[in-house]
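J.: Below is one structure. I have some questions about it.
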Amino acid sequence: MRYSVEAKANYERNALYYYGANPANFSGANDSLNLSKDGTFQRFNIFGGNVKYQTHIIDSSKLNRNFEVAYRFMDDYKGVGEHYVKLSGEEMKFIEKEVYYLNYSLDYNYFKHPLFTSAEDRITNGFAERDNGILNLNPNIRTHGDNWSVRVGLAIQSNVTTSTAKFHFYPDAEADYRLFNDIFVPYVGIKGGLQRNSFFTFTRENPFVTSDLDLRNTNKVLDFYGGIRGSISSKISFNVAAEVAKYRDFVLFVNDTENFYGNAFNVIYDTVTQTTFSAQTSYVNNEKLKIYLRGEYYLYSTVHQPKAWNRPNYTVSLSGVYDLADKILVRGDLFLVGDRYHYYNTAIFVNYPEDFNLLKPFLDFNLGFEYRYTKRLSAFLNFNNILAKKYQYWSNFPVQGINLLGGVTYRF
């Protein structure tokens, strides 16, 4: 097969309520106003798809390439409309021991939202509009020896708006050395890049975010990382790493106190240096049993904000999948999330540190079952928060107790 073409399409509809309101606001003569649907209900419609073209030329002297076009549209109950388009590709060619890559992409995001306006917004028919694009060009060379491999490249990116086009240059390099038949593989690298922020990405992380957002892309100025990965056996692998990354316009979620209900989150940005220590291991016994354990510890250094709001100081996850006779799959997920600071005022800090609070660590356990009737048709049943913990991942939003989700899937 010399080439392949793949196409996907999806539609998603989610509805929720901003139930994390301050109870003090729901008393007195304004009860009917406070409980109105406009102030508590949210709904997302998401439609998207992509087409991907890929060549599979065995001759190493020939050029292989991938090209993809993706599109996504999203709207909500508050009047938001967001269009996202991305064109991306990769060219690859072998020349003796080296492999030459050229990765490129152009994405464009248009965001129409109510109320909030800034210097970058345009006002049309009572709504604020904002759009920008990210241009990326990343050439790199990869080579290897008997026990080592190296990648060296450069990422050239530009954040393009209607009035500006600012270019950024980032290193892109990694080296590793294999010891004792790949039991230990020390590695070190450096990278950076622009990260797309959109209404879609924000609601994926925090569905209770407000609709009138100040959208900015995050600039990962520089990212140093290193560690040791390897395989103890054919079934057990591991990775221990440390990373130091500096960000401009790092995303922080804060309670939106300018909203009368106090039941939504806004976004603020800061310059942040994040240090991460991580360790993970996995056990894979063919398709029968898979177990993954991962832990991360975070240190944040902020410039303008006293704390990295709503960012945990550590996370631990344990996940497993067990296949019973290729028909019934059992999945289990255990999550431990550490302390998170949360803050209510997006403008000023009064009586610091009394005006902010600490959300306690929590433990969550989910269990799921899937019955595969055929390769195309299956049914699933998921039990979430089996421990019935009333923890708050987001301040003022205690999670539901034990809840059940079931459905049927069909693959065309």
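Going by the structure tokens order, chains are called A, B, ..., each with residues numbered from 1, while ligands are numbered from 1 in the order shown.
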Excluding stretch 281-285 of chain A and any residue of its chain fewer than 6 positions from it, enumerate the residues within 10 Å of it, using only C-alpha atoms, and give them as a VMD selection string.

T.: chain A and resid 229 to 231 233 to 240 291 to 295 318 to 322

J.: Set the distance at 10 Å and use only C-alpha atoms: which residues neighbour A:Gly126 once local chain neighbours fewer than 3 positions away are removed? I'd like the list as JSON, numbers by chain.

T.: {"A": [113, 114, 115, 122, 123, 129]}

J.: Report as a PyMOL selection string: the residues of stretch 194-341 of chain A with a DSSP assignment of helix (DSSP H, G or I), based on the backbone of this structure.

T.: chain A and resi 199-205

J.: Generate a file of the selected residues that holds C-alpha atoms, formatted as a PDB file, in the first residue's frame.

T.:
ATOM      1  CA  PHE A 199     -12.990  28.058  24.547  1.00  0.00           C
ATOM      2  CA  PHE A 200     -12.970  24.354  23.681  1.00  0.00           C
ATOM      3  CA  THR A 201      -9.705  23.599  25.519  1.00  0.00           C
ATOM      4  CA  PHE A 202     -10.789  25.624  28.566  1.00  0.00           C
ATOM      5  CA  THR A 203     -14.158  23.870  28.890  1.00  0.00           C
ATOM      6  CA  ARG A 204     -12.437  20.510  28.482  1.00  0.00           C
ATOM      7  CA  GLU A 205     -10.334  21.291  31.542  1.00  0.00           C
TER       8      GLU A 205
END

J.: Please identify all polymer residues within 8 Å of A:Asp270, counting only C-alpha atoms, omitting same-chain residues fewer than 6 positions from it, and present them as a PyMOL selection string.

T.: chain A and resi 248-252+302-305

J.: Would you write out those residues with C-alpha atoms, as a PDB file, in the first residue's frame?

T.:
ATOM      1  CA  ARG A 248       4.239  33.288  29.575  1.00  0.00           C
ATOM      2  CA  ASP A 249       0.439  33.598  29.755  1.00  0.00           C
ATOM      3  CA  PHE A 250       0.179  30.437  31.852  1.00  0.00           C
ATOM      4  CA  VAL A 251      -3.523  29.639  32.415  1.00  0.00           C
ATOM      5  CA  LEU A 252      -4.988  29.929  35.925  1.00  0.00           C
ATOM      6  CA  THR A 302       4.665  32.851  39.826  1.00  0.00           C
ATOM      7  CA  VAL A 303       5.488  36.465  38.972  1.00  0.00           C
ATOM      8  CA  HIS A 304       2.247  38.399  39.563  1.00  0.00           C
ATOM      9  CA  GLN A 305      -0.081  36.015  41.411  1.00  0.00           C
TER      10      GLN A 305
END

J.: For A:Met92, find every residue with an atom within 8 Å (counting only C-alpha atoms), except residues of its own chain fewer than 2 positions away, and show them as a PyMOL selection string.

T.: chain A and resi 63-65+90+94+99-102

J.: In Å, with one decimal, what is the gap from atom CA of A:Val85 to atom CA of A:Ala70?

T.: 5.8 Å

J.: Which neighbours of A:Glu174 fall inside 7 Å, counting only C-alpha atoms, when residues of the same chain fewer than 6 positions from it are skipped, and could you give them as number ranges by chain?

T.: A: 150-152, 188-190

J.: Nearest residue to A:Asp212 out of A:His144, A:Arg178, A:Lys166, A:Lys112, using only C-alpha atoms?

T.: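 Comparing A:His144, A:Arg178, A:Lys166, A:Lys112 against A:Asp212, the winner is A:Lys112.
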
J.: When you look at A:Asn147 with a cut-off of 10 Å (counting only C-alpha atoms), what residues show up, excluding the ones that are within fewer than 5 positions of it in the same chain? I need them as a list in words.

T.: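 Neighbouring residues, sequence-local ones excluded: Asp176, Tyr177, Arg178, Leu179, Phe180, Asn181, Asp182 and Val185 of chain A.
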
J.: Write to file, as a JSON list (two decimals), in the first residue's frame, the residues of the selection just made, with C-alpha atoms.

T.:
[["chain", "number", "residue", "atom", "x", "y", "z"],
["A", 176, "ASP", "CA", 19.65, 9.41, 24.69],
["A", 177, "TYR", "CA", 22.10, 6.61, 25.38],
["A", 178, "ARG", "CA", 21.09, 2.96, 25.81],
["A", 179, "LEU", "CA", 22.74, 0.91, 28.58],
["A", 180, "PHE", "CA", 22.56, -2.82, 29.34],
["A", 181, "ASN", "CA", 20.37, -3.77, 26.37],
["A", 182, "ASP", "CA", 17.90, -0.91, 26.89],
["A", 185, "VAL", "CA", 18.19, 4.76, 28.76]]

J.: Ranking A:Glu287, A:Glu82, A:Asp59, A:Asp75 by minimum distance to A:Ile95 and counting only C-alpha atoms, which one comes first?

T.: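 Between A:Glu287, A:Glu82, A:Asp59, A:Asp75, the residue approaching A:Ile95 most closely is A:Asp59.
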
J.: Would you work out the distance separating atom CA of A:Ser163 from atom CA of A:Gly48, expressed in Å to one decimal?

T.: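 One can read the atom CA of A:Ser163 to atom CA of A:Gly48 distance as 28.4 Å.
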
J.: Using only C-alpha atoms, which residues sit within 10 Å of A:Gly406 once same-chain residues fewer than 2 positions away are excluded, as a list in words?

T.: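 Contacts, with the query itself left out: Gly368, Phe369, Glu370, Ala379, Phe380, Leu381, Asn382, Phe383, Leu404 and Val408 of chain A.
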
J.: Rounded to one decimal in Å, what is the spacing between atom CA of A:Trp148 and atom CA of A:Lys93?

T.: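 One can read the atom CA of A:Trp148 to atom CA of A:Lys93 distance as 20.1 Å.
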
J.: May I ask which of the residues A:Phe362, A:Tyr3, A:Tyr108, A:Phe412 is the closest one to A:Ser88, counting only C-alpha atoms?

T.: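 Among the listed residues, A:Tyr108 lies closest to A:Ser88.
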
J.: From the set A:Gln195, A:Asn138, A:Asn10, A:Ser4, which residue has the shortest atom-to-atom contact distance to A:Gln54, counting only C-alpha atoms?

T.: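 Answer, going by the shortest atom-to-atom distance: A:Ser4.
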
J.: For a quick check of understanding, using only C-alpha atoms, which of A:Ala21, A:Leu215, A:Ile232, A:Ile58 has the smallest distance to A:Asp131?

T.: A:Leu215

J.: From a DSSP pass on the backbone, collect the residues of stretch 56-181 of chain A flagged as strand (DSSP E) and hand them back as a PyMOL selection string.

T.: chain A and resi 64-76+81-95+98-113+122-124+127-144+148-160+165-177
